[in-house]
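Before any comments, here is the structure.
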Amino acid sequence: MKKFFSMLLALVMLLALAGCGGGDAPAQDQGGASDAGQTQQGGDEGDTAAPEGGMGDYHIGIVTGSVSQSEDDRRGAEAFQAKYGEDKVTLAIYPDNFTEELETTIQTIVNMSDDPLMKAVIVNQSIPGTTEAFRQIKERRPDILCIAGEAHEDLPEIGSAADLVCNNDFVSRGYLIIRTAHELGADTFVHISFPRHMAYETMSRRVAVMQEACKEFGMEFVLETAPDPTSDVGIPGAQAYILENVPAWVQKYGENAAYFCTNDAHTEPLLKQLFKYGGYFIEADLPSPLMGYPGALGLDLTEEAGDFEKILAKVESAVSATTTDSGVSGENRFGTWAYSYGYTLSAGLAEHAKNVIEGASDITDMDDVAAALQIYSPEAEWNGSGYTNATTGVKSDNVFLIYQDTYIMGNPGHYMGSTQVEVPEKYYTVS
């Protein structure tokens with residue numbers, strides 16, 4: 001009996017020591033609300049600490065459009081998932097016809113918060129419904145970071161629901177695109193869009209800036225309307241319209257007109273016809289060497305997939321080899337951003353979210369955002385600033401406008417130095 005009690009006492013002491021040893025380990029996160037403020041400011045990381053080269057015990061969700069509507073956005077999300085694993089990164093796609101399927105769009109985004117380990121949701125592009133989806137997520141899970149890429153909704157409104165919003169700098173680019181077109185020799189600027197897009201503040205303000213810049217540089221400004229790909233005609237009908245009308249536009253405005261369209265689906269047919277009939281194309285609405293160029297030029301980029309230096313080189317070579325029916329070379333007439341905006345934004349914002357969750361970055365630090373984007377665009381130069389409401393003059397602290405230097409393809413190609421140009425102050429109040 002004495003020996004039994006000695007063995008029992010030893011066992012109790014052993015168990016007690018084991019219990020004390022586990023007291024320093026963080027508790028497993030079961031999906032409850034965490035101190036999001038501490039995480040964002042680099043506080044106690046808890047179970048979010050990441051192994052070297054990986055992610056901690058949490059998940060990140062990315063919602064994009066489909067490949068047919070927003071291929072670059074989707075590919076960037078896939079690249080981030082491939083980097084960190086399908087077990088850590090969840091992807092979803094909102095409907096192509098999101099204007100008619102608002103509830104489905106909202107639910108697709110909100111469903112990300114059902115995952116108890118979800119810590120950040122990135123939506124790129126943030127089409128209508130994203131603001132409401134973010135509000136619902138925050139009500140259910142205030143610990144989840146909500147990040148909007150390329151918001152289609154009113155920026156102050158989505159900024160009130162999101163932790164961070166990043167859009168292309170529609171003000172600076174409105175001026176810089178016209179300035180670049182003028183420098184290359186264009187005398188007319190043709191803007192192609194439709195009423196739904198023109199109802200967005202970002203696009204309507206950019207048009208106003210473009211009009212003013214055309215006056216400054218002595219260029220004619222023209223508005224053309226094309227079908228909305230989300231309407232009954234769909235993407236095929238919208239693209240067919242562009243194919244049919246570009247020859248007439250070139251005949252009307254001449255080969256020294258520069259063209260710009262606000263929709264991704266319009267870009268490929270526009271480029272295809274400009275290569276044949278003539279014109280300038282400075283950069284896409286959401287620029288990328290993959291935006292419209294491969295399809296318009298019949299390029300197979302399978303071997304170059306994911307390597308934007310090689311992609312740009314192959315696209316540039318093909319552009320330089322084009323000649324219009326009248327014998328005009330494509331050199332020094334077509335441009336892009338060297339790295340896809342949609343691709344970089346999806347992957348870069350997710351990378352930024354990871355850094356914030358792990359306490360390495362602050363959610364609204366522009367330098368931290370730029371550093372995350374730079375991972376997916378190592379050779380490019382970026383510029384950006386906080387969004388300023390043209391009506392109230394109030395500058396947002398969580399809505400950023402960003403842009404990359406413009407690259408004009410030729411032999412040799414060259415950057416235009418757009419990120420170093422000081423945009424005249426008057427353009428920031430044009431509305």
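In the structure tokens, chains take the letters A, B, ... in the order shown, each chain's residues start at 1, and ligands count up from 1 in the order shown.
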Can you tell me, as an mmCIF file with N, CA and C atoms, in the first residue's frame, which residues in segment 162-334 of chain A count as strand (DSSP E or B) by DSSP?
```cif
data_model
loop_
_atom_site.group_PDB
_atom_site.id
_atom_site.type_symbol
_atom_site.label_atom_id
_atom_site.label_comp_id
_atom_site.auth_asym_id
_atom_site.auth_seq_id
_atom_site.Cartn_x
_atom_site.Cartn_y
_atom_site.Cartn_z
ATOM 1 N N LEU A 164 -9.847 48.945 -45.489
ATOM 2 C CA LEU A 164 -8.953 49.546 -46.474
ATOM 3 C C LEU A 164 -9.582 49.452 -47.852
ATOM 4 N N VAL A 165 -9.448 50.531 -48.627
ATOM 5 C CA VAL A 165 -9.901 50.563 -50.024
ATOM 6 C C VAL A 165 -8.746 51.058 -50.884
ATOM 7 N N CYS A 166 -8.450 50.334 -51.971
ATOM 8 C CA CYS A 166 -7.417 50.765 -52.917
ATOM 9 C C CYS A 166 -7.989 50.788 -54.324
ATOM 10 N N ASN A 167 -7.970 51.950 -54.952
ATOM 11 C CA ASN A 167 -8.436 52.115 -56.332
ATOM 12 C C ASN A 167 -7.313 52.678 -57.194
ATOM 13 N N ASN A 168 -7.436 52.468 -58.506
ATOM 14 C CA ASN A 168 -6.495 53.148 -59.392
ATOM 15 C C ASN A 168 -6.740 54.643 -59.270
ATOM 16 N N THR A 188 -6.463 63.545 -80.933
ATOM 17 C CA THR A 188 -7.853 63.329 -80.527
ATOM 18 C C THR A 188 -7.878 62.212 -79.486
ATOM 19 N N PHE A 189 -8.811 62.319 -78.527
ATOM 20 C CA PHE A 189 -8.948 61.263 -77.525
ATOM 21 C C PHE A 189 -10.393 60.776 -77.524
ATOM 22 N N VAL A 190 -10.571 59.474 -77.763
ATOM 23 C CA VAL A 190 -11.900 58.873 -77.846
ATOM 24 C C VAL A 190 -12.138 58.014 -76.608
ATOM 25 N N HIS A 191 -13.125 58.374 -75.812
ATOM 26 C CA HIS A 191 -13.471 57.675 -74.576
ATOM 27 C C HIS A 191 -14.714 56.831 -74.816
ATOM 28 N N ILE A 192 -14.616 55.509 -74.579
ATOM 29 C CA ILE A 192 -15.713 54.573 -74.861
ATOM 30 C C ILE A 192 -16.237 54.000 -73.551
ATOM 31 N N SER A 193 -17.552 54.152 -73.301
ATOM 32 C CA SER A 193 -18.131 53.633 -72.068
ATOM 33 C C SER A 193 -19.632 53.442 -72.221
ATOM 34 N N GLU A 220 -8.762 67.218 -79.224
ATOM 35 C CA GLU A 220 -10.215 67.051 -79.278
ATOM 36 C C GLU A 220 -10.607 65.880 -78.375
ATOM 37 N N PHE A 221 -11.688 66.054 -77.600
ATOM 38 C CA PHE A 221 -12.181 64.984 -76.736
ATOM 39 C C PHE A 221 -13.522 64.494 -77.259
ATOM 40 N N VAL A 222 -13.679 63.176 -77.382
ATOM 41 C CA VAL A 222 -14.901 62.585 -77.935
ATOM 42 C C VAL A 222 -15.424 61.494 -77.008
ATOM 43 N N LEU A 223 -16.735 61.487 -76.772
ATOM 44 C CA LEU A 223 -17.391 60.423 -76.012
ATOM 45 C C LEU A 223 -18.120 59.491 -76.968
ATOM 46 N N GLU A 224 -17.827 58.201 -76.897
ATOM 47 C CA GLU A 224 -18.559 57.196 -77.653
ATOM 48 C C GLU A 224 -19.184 56.209 -76.665
ATOM 49 N N THR A 225 -20.358 55.697 -77.008
ATOM 50 C CA THR A 225 -21.069 54.757 -76.144
ATOM 51 C C THR A 225 -21.091 53.374 -76.776
ATOM 52 N N ALA A 257 -5.784 59.363 -83.471
ATOM 53 C CA ALA A 257 -6.670 59.411 -82.306
ATOM 54 C C ALA A 257 -6.251 58.327 -81.321
ATOM 55 N N ALA A 258 -6.309 58.645 -80.038
ATOM 56 C CA ALA A 258 -6.034 57.666 -78.979
ATOM 57 C C ALA A 258 -7.368 57.197 -78.406
ATOM 58 N N TYR A 259 -7.448 55.914 -78.059
ATOM 59 C CA TYR A 259 -8.697 55.316 -77.585
ATOM 60 C C TYR A 259 -8.553 54.788 -76.171
ATOM 61 N N PHE A 260 -9.673 54.855 -75.442
ATOM 62 C CA PHE A 260 -9.715 54.373 -74.064
ATOM 63 C C PHE A 260 -11.111 53.831 -73.801
ATOM 64 N N CYS A 261 -11.197 52.620 -73.212
ATOM 65 C CA CYS A 261 -12.502 52.061 -72.861
ATOM 66 C C CYS A 261 -12.522 51.707 -71.376
ATOM 67 N N TYR A 280 -3.956 55.098 -81.382
ATOM 68 C CA TYR A 280 -3.122 54.967 -80.187
ATOM 69 C C TYR A 280 -3.943 54.308 -79.067
ATOM 70 N N PHE A 281 -3.250 53.597 -78.199
ATOM 71 C CA PHE A 281 -3.873 53.030 -77.005
ATOM 72 C C PHE A 281 -2.838 53.144 -75.886
ATOM 73 N N THR A 323 1.459 46.064 -88.353
ATOM 74 C CA THR A 323 1.395 47.178 -89.308
ATOM 75 C C THR A 323 -0.045 47.349 -89.744
ATOM 76 N N SER A 329 3.324 51.395 -88.323
ATOM 77 C CA SER A 329 3.816 50.414 -87.352
ATOM 78 C C SER A 329 3.155 50.606 -85.995
ATOM 79 N N PHE A 334 1.295 51.883 -78.502
ATOM 80 C CA PHE A 334 0.506 51.057 -77.585
ATOM 81 C C PHE A 334 1.240 50.896 -76.252
#
```
Contact check, segment 344-420 of chain A to segment 294-314 of chain A, at most 10 Å, counting only C-alpha atoms, closest pairs as CSV:
```
residue,atom,partner,partner_atom,distance
A:Tyr376,CA,A:Phe308,CA,9.3
A:Ser377,CA,A:Phe308,CA,8.3
A:Pro378,CA,A:Glu309,CA,9.9
A:Glu379,CA,A:Glu309,CA,8.8
A:Tyr407,CA,A:Leu312,CA,9.8
A:Met409,CA,A:Leu312,CA,8.8
A:Gly413,CA,A:Ala313,CA,9.4
```
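Distance-wise, atom CA of Leu401 of chain A and atom CA of Leu349 of chain A end up 13.5 Å apart.
Taking atom CA of Gln404 of chain A and atom CA of Ile177 of chain A as the two end points, the separation is 11.8 Å.
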Among listed residues A:Glu255, A:Ser326, A:Leu270, A:Gly61, nearest Tyr241 of chain A (using only C-alpha atoms):
A:Leu270
Name the residues in contact with Gly278 of chain A at a cut-off of 7 Å, using only C-alpha atoms, excluding same-chain residues fewer than 4 positions from it; report them as a compact mmCIF listing (two decimals) with C-alpha atoms, in the first residue's frame.
```
# COMPACT_ATOMS: atom_id res chain seq x y z
CA VAL A 250 -10.88 55.50 -87.26
CA GLU A 255 -5.15 57.41 -87.24
CA LEU A 274 -6.61 49.41 -83.84
CA THR A 324 -1.92 48.80 -90.12
```
Write out as a PyMOL selection string all residues of segment 306-365 of chain A that backbone DSSP assigns to alpha helix (DSSP H).
chain A and resi 308-320+341-357
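The neighbours of Thr392 of chain A here are the residues that come within 12 Å of it, using only C-alpha atoms and leaving out any residue fewer than 6 positions away in the same chain; they are Pro156, Thr429 and Ser431 of chain A.
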What are the closest atom pairs, with distances in Å to one decimal, for each residue of segment 152-186 of chain A lying within 9 Å of segment 113-134 of chain A, using only C-alpha atoms, rows by chain and rising residue number, as JSON lines?
```
{"residue": "A:His152", "atom": "CA", "partner": "A:Ile127", "partner_atom": "CA", "distance": 5.1}
{"residue": "A:Glu153", "atom": "CA", "partner": "A:Pro128", "partner_atom": "CA", "distance": 5.8}
{"residue": "A:Glu157", "atom": "CA", "partner": "A:Thr131", "partner_atom": "CA", "distance": 7.4}
{"residue": "A:Ile158", "atom": "CA", "partner": "A:Thr131", "partner_atom": "CA", "distance": 5.0}
{"residue": "A:Gly159", "atom": "CA", "partner": "A:Thr131", "partner_atom": "CA", "distance": 8.3}
{"residue": "A:Ser160", "atom": "CA", "partner": "A:Thr131", "partner_atom": "CA", "distance": 8.4}
{"residue": "A:Ala161", "atom": "CA", "partner": "A:Phe134", "partner_atom": "CA", "distance": 5.9}
{"residue": "A:Ala162", "atom": "CA", "partner": "A:Phe134", "partner_atom": "CA", "distance": 6.4}
```
Could you write those residues out with N, CA and C atoms, as a PDB file, in the first residue's frame?
```pdb
ATOM      1  N   HIS A 152     -16.283  49.864 -57.088  1.00  0.00           N
ATOM      2  CA  HIS A 152     -17.211  50.475 -58.040  1.00  0.00           C
ATOM      3  C   HIS A 152     -18.220  51.369 -57.327  1.00  0.00           C
ATOM      4  N   GLU A 153     -18.309  51.222 -56.024  1.00  0.00           N
ATOM      5  CA  GLU A 153     -19.285  51.990 -55.260  1.00  0.00           C
ATOM      6  C   GLU A 153     -18.677  53.317 -54.804  1.00  0.00           C
ATOM      7  N   GLU A 157     -18.527  55.873 -49.056  1.00  0.00           N
ATOM      8  CA  GLU A 157     -19.470  54.889 -48.524  1.00  0.00           C
ATOM      9  C   GLU A 157     -18.795  53.553 -48.249  1.00  0.00           C
ATOM     10  N   ILE A 158     -18.076  53.024 -49.238  1.00  0.00           N
ATOM     11  CA  ILE A 158     -17.409  51.740 -49.014  1.00  0.00           C
ATOM     12  C   ILE A 158     -16.266  51.892 -48.006  1.00  0.00           C
ATOM     13  N   GLY A 159     -15.682  53.088 -47.958  1.00  0.00           N
ATOM     14  CA  GLY A 159     -14.644  53.345 -46.975  1.00  0.00           C
ATOM     15  C   GLY A 159     -15.165  53.291 -45.548  1.00  0.00           C
ATOM     16  N   SER A 160     -16.464  53.546 -45.369  1.00  0.00           N
ATOM     17  CA  SER A 160     -17.057  53.500 -44.029  1.00  0.00           C
ATOM     18  C   SER A 160     -17.290  52.064 -43.563  1.00  0.00           C
ATOM     19  N   ALA A 161     -17.297  51.113 -44.500  1.00  0.00           N
ATOM     20  CA  ALA A 161     -17.530  49.706 -44.149  1.00  0.00           C
ATOM     21  C   ALA A 161     -16.251  48.885 -44.191  1.00  0.00           C
ATOM     22  N   ALA A 162     -15.289  49.294 -45.036  1.00  0.00           N
ATOM     23  CA  ALA A 162     -14.051  48.536 -45.220  1.00  0.00           C
ATOM     24  C   ALA A 162     -12.946  49.051 -44.304  1.00  0.00           C
TER      25      ALA A 162
END
```
Residue with the minimum atom-to-atom distance to Ile60 of chain A, picked from A:Ile147, A:Met210, A:Val394, A:Val315 with only C-alpha atoms counted, is A:Ile147
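By only C-alpha atoms, and with residues fewer than 2 positions from His182 of chain A along its chain excluded, the set lying at most 10 Å from it is Leu176, Ile177, Ile178, Arg179, Thr180, Leu184, Gly185, Ala186, Asp187, Thr188, Phe189, Ala213, Cys214, Phe217, Gly218, Met219, Asn256, Ala257 and Ala258 of chain A.
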Got time to write the residues from that selection, N, CA and C atoms, as a PDB file, in the first residue's frame?
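Written output follows (result_19.pdb):
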```
ATOM      1  N   LEU A 176      -2.650  62.144 -66.702  1.00  0.00           N
ATOM      2  CA  LEU A 176      -1.426  61.552 -67.245  1.00  0.00           C
ATOM      3  C   LEU A 176      -1.656  60.779 -68.546  1.00  0.00           C
ATOM      4  N   ILE A 177      -2.784  60.135 -68.684  1.00  0.00           N
ATOM      5  CA  ILE A 177      -3.083  59.413 -69.927  1.00  0.00           C
ATOM      6  C   ILE A 177      -3.169  60.391 -71.097  1.00  0.00           C
ATOM      7  N   ILE A 178      -3.854  61.519 -70.883  1.00  0.00           N
ATOM      8  CA  ILE A 178      -3.961  62.537 -71.934  1.00  0.00           C
ATOM      9  C   ILE A 178      -2.584  63.136 -72.225  1.00  0.00           C
ATOM     10  N   ARG A 179      -1.836  63.424 -71.194  1.00  0.00           N
ATOM     11  CA  ARG A 179      -0.491  63.997 -71.360  1.00  0.00           C
ATOM     12  C   ARG A 179       0.396  63.062 -72.180  1.00  0.00           C
ATOM     13  N   THR A 180       0.331  61.769 -71.879  1.00  0.00           N
ATOM     14  CA  THR A 180       1.130  60.784 -72.612  1.00  0.00           C
ATOM     15  C   THR A 180       0.691  60.682 -74.063  1.00  0.00           C
ATOM     16  N   LEU A 184       3.019  61.478 -77.435  1.00  0.00           N
ATOM     17  CA  LEU A 184       3.266  60.485 -78.487  1.00  0.00           C
ATOM     18  C   LEU A 184       2.768  60.931 -79.862  1.00  0.00           C
ATOM     19  N   GLY A 185       1.986  62.009 -79.894  1.00  0.00           N
ATOM     20  CA  GLY A 185       1.540  62.535 -81.179  1.00  0.00           C
ATOM     21  C   GLY A 185       0.058  62.443 -81.461  1.00  0.00           C
ATOM     22  N   ALA A 186      -0.756  62.041 -80.491  1.00  0.00           N
ATOM     23  CA  ALA A 186      -2.205  61.965 -80.700  1.00  0.00           C
ATOM     24  C   ALA A 186      -2.815  63.358 -80.688  1.00  0.00           C
ATOM     25  N   ASP A 187      -3.818  63.552 -81.531  1.00  0.00           N
ATOM     26  CA  ASP A 187      -4.495  64.849 -81.583  1.00  0.00           C
ATOM     27  C   ASP A 187      -5.952  64.774 -81.134  1.00  0.00           C
ATOM     28  N   THR A 188      -6.463  63.545 -80.933  1.00  0.00           N
ATOM     29  CA  THR A 188      -7.853  63.329 -80.527  1.00  0.00           C
ATOM     30  C   THR A 188      -7.878  62.212 -79.486  1.00  0.00           C
ATOM     31  N   PHE A 189      -8.811  62.319 -78.527  1.00  0.00           N
ATOM     32  CA  PHE A 189      -8.948  61.263 -77.525  1.00  0.00           C
ATOM     33  C   PHE A 189     -10.393  60.776 -77.524  1.00  0.00           C
ATOM     34  N   ALA A 213      -7.891  68.137 -69.414  1.00  0.00           N
ATOM     35  CA  ALA A 213      -6.518  67.929 -69.884  1.00  0.00           C
ATOM     36  C   ALA A 213      -6.430  68.066 -71.398  1.00  0.00           C
ATOM     37  N   CYS A 214      -7.460  67.606 -72.111  1.00  0.00           N
ATOM     38  CA  CYS A 214      -7.476  67.754 -73.573  1.00  0.00           C
ATOM     39  C   CYS A 214      -7.467  69.229 -73.968  1.00  0.00           C
ATOM     40  N   PHE A 217      -3.918  70.541 -73.578  1.00  0.00           N
ATOM     41  CA  PHE A 217      -2.959  70.076 -74.579  1.00  0.00           C
ATOM     42  C   PHE A 217      -3.459  70.253 -76.016  1.00  0.00           C
ATOM     43  N   GLY A 218      -4.560  70.976 -76.195  1.00  0.00           N
ATOM     44  CA  GLY A 218      -5.057  71.277 -77.533  1.00  0.00           C
ATOM     45  C   GLY A 218      -5.557  70.064 -78.295  1.00  0.00           C
ATOM     46  N   MET A 219      -6.150  69.097 -77.605  1.00  0.00           N
ATOM     47  CA  MET A 219      -6.659  67.890 -78.237  1.00  0.00           C
ATOM     48  C   MET A 219      -8.189  67.883 -78.239  1.00  0.00           C
ATOM     49  N   ASN A 256      -4.485  59.279 -85.849  1.00  0.00           N
ATOM     50  CA  ASN A 256      -3.779  59.901 -84.726  1.00  0.00           C
ATOM     51  C   ASN A 256      -4.680  60.106 -83.517  1.00  0.00           C
ATOM     52  N   ALA A 257      -5.784  59.363 -83.471  1.00  0.00           N
ATOM     53  CA  ALA A 257      -6.670  59.411 -82.306  1.00  0.00           C
ATOM     54  C   ALA A 257      -6.251  58.327 -81.321  1.00  0.00           C
ATOM     55  N   ALA A 258      -6.309  58.645 -80.038  1.00  0.00           N
ATOM     56  CA  ALA A 258      -6.034  57.666 -78.979  1.00  0.00           C
ATOM     57  C   ALA A 258      -7.368  57.197 -78.406  1.00  0.00           C
TER      58      ALA A 258
END
```
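Neighbouring residues of segment 85-93 of chain A at 8 Å or closer, counting only C-alpha atoms and skipping chain neighbours under 4 positions away, are Met55, Tyr58, His59, Ile60, Gly61, Ile62, Val63, Thr64, Gly65, Ser66, Ala77, Glu78, Phe80, Gln81, Thr108 and Ile109 of chain A.
If you look at atom CA of Gln374 of chain A and atom CA of Thr344 of chain A, they are 8.3 Å away from each other.
Minimum atom-to-atom distances from A:Ala380, A:Ala390, A:Val209, A:Ala318 to Met416 of chain A were compared using only C-alpha atoms, and the lowest value belongs to A:Ala380.
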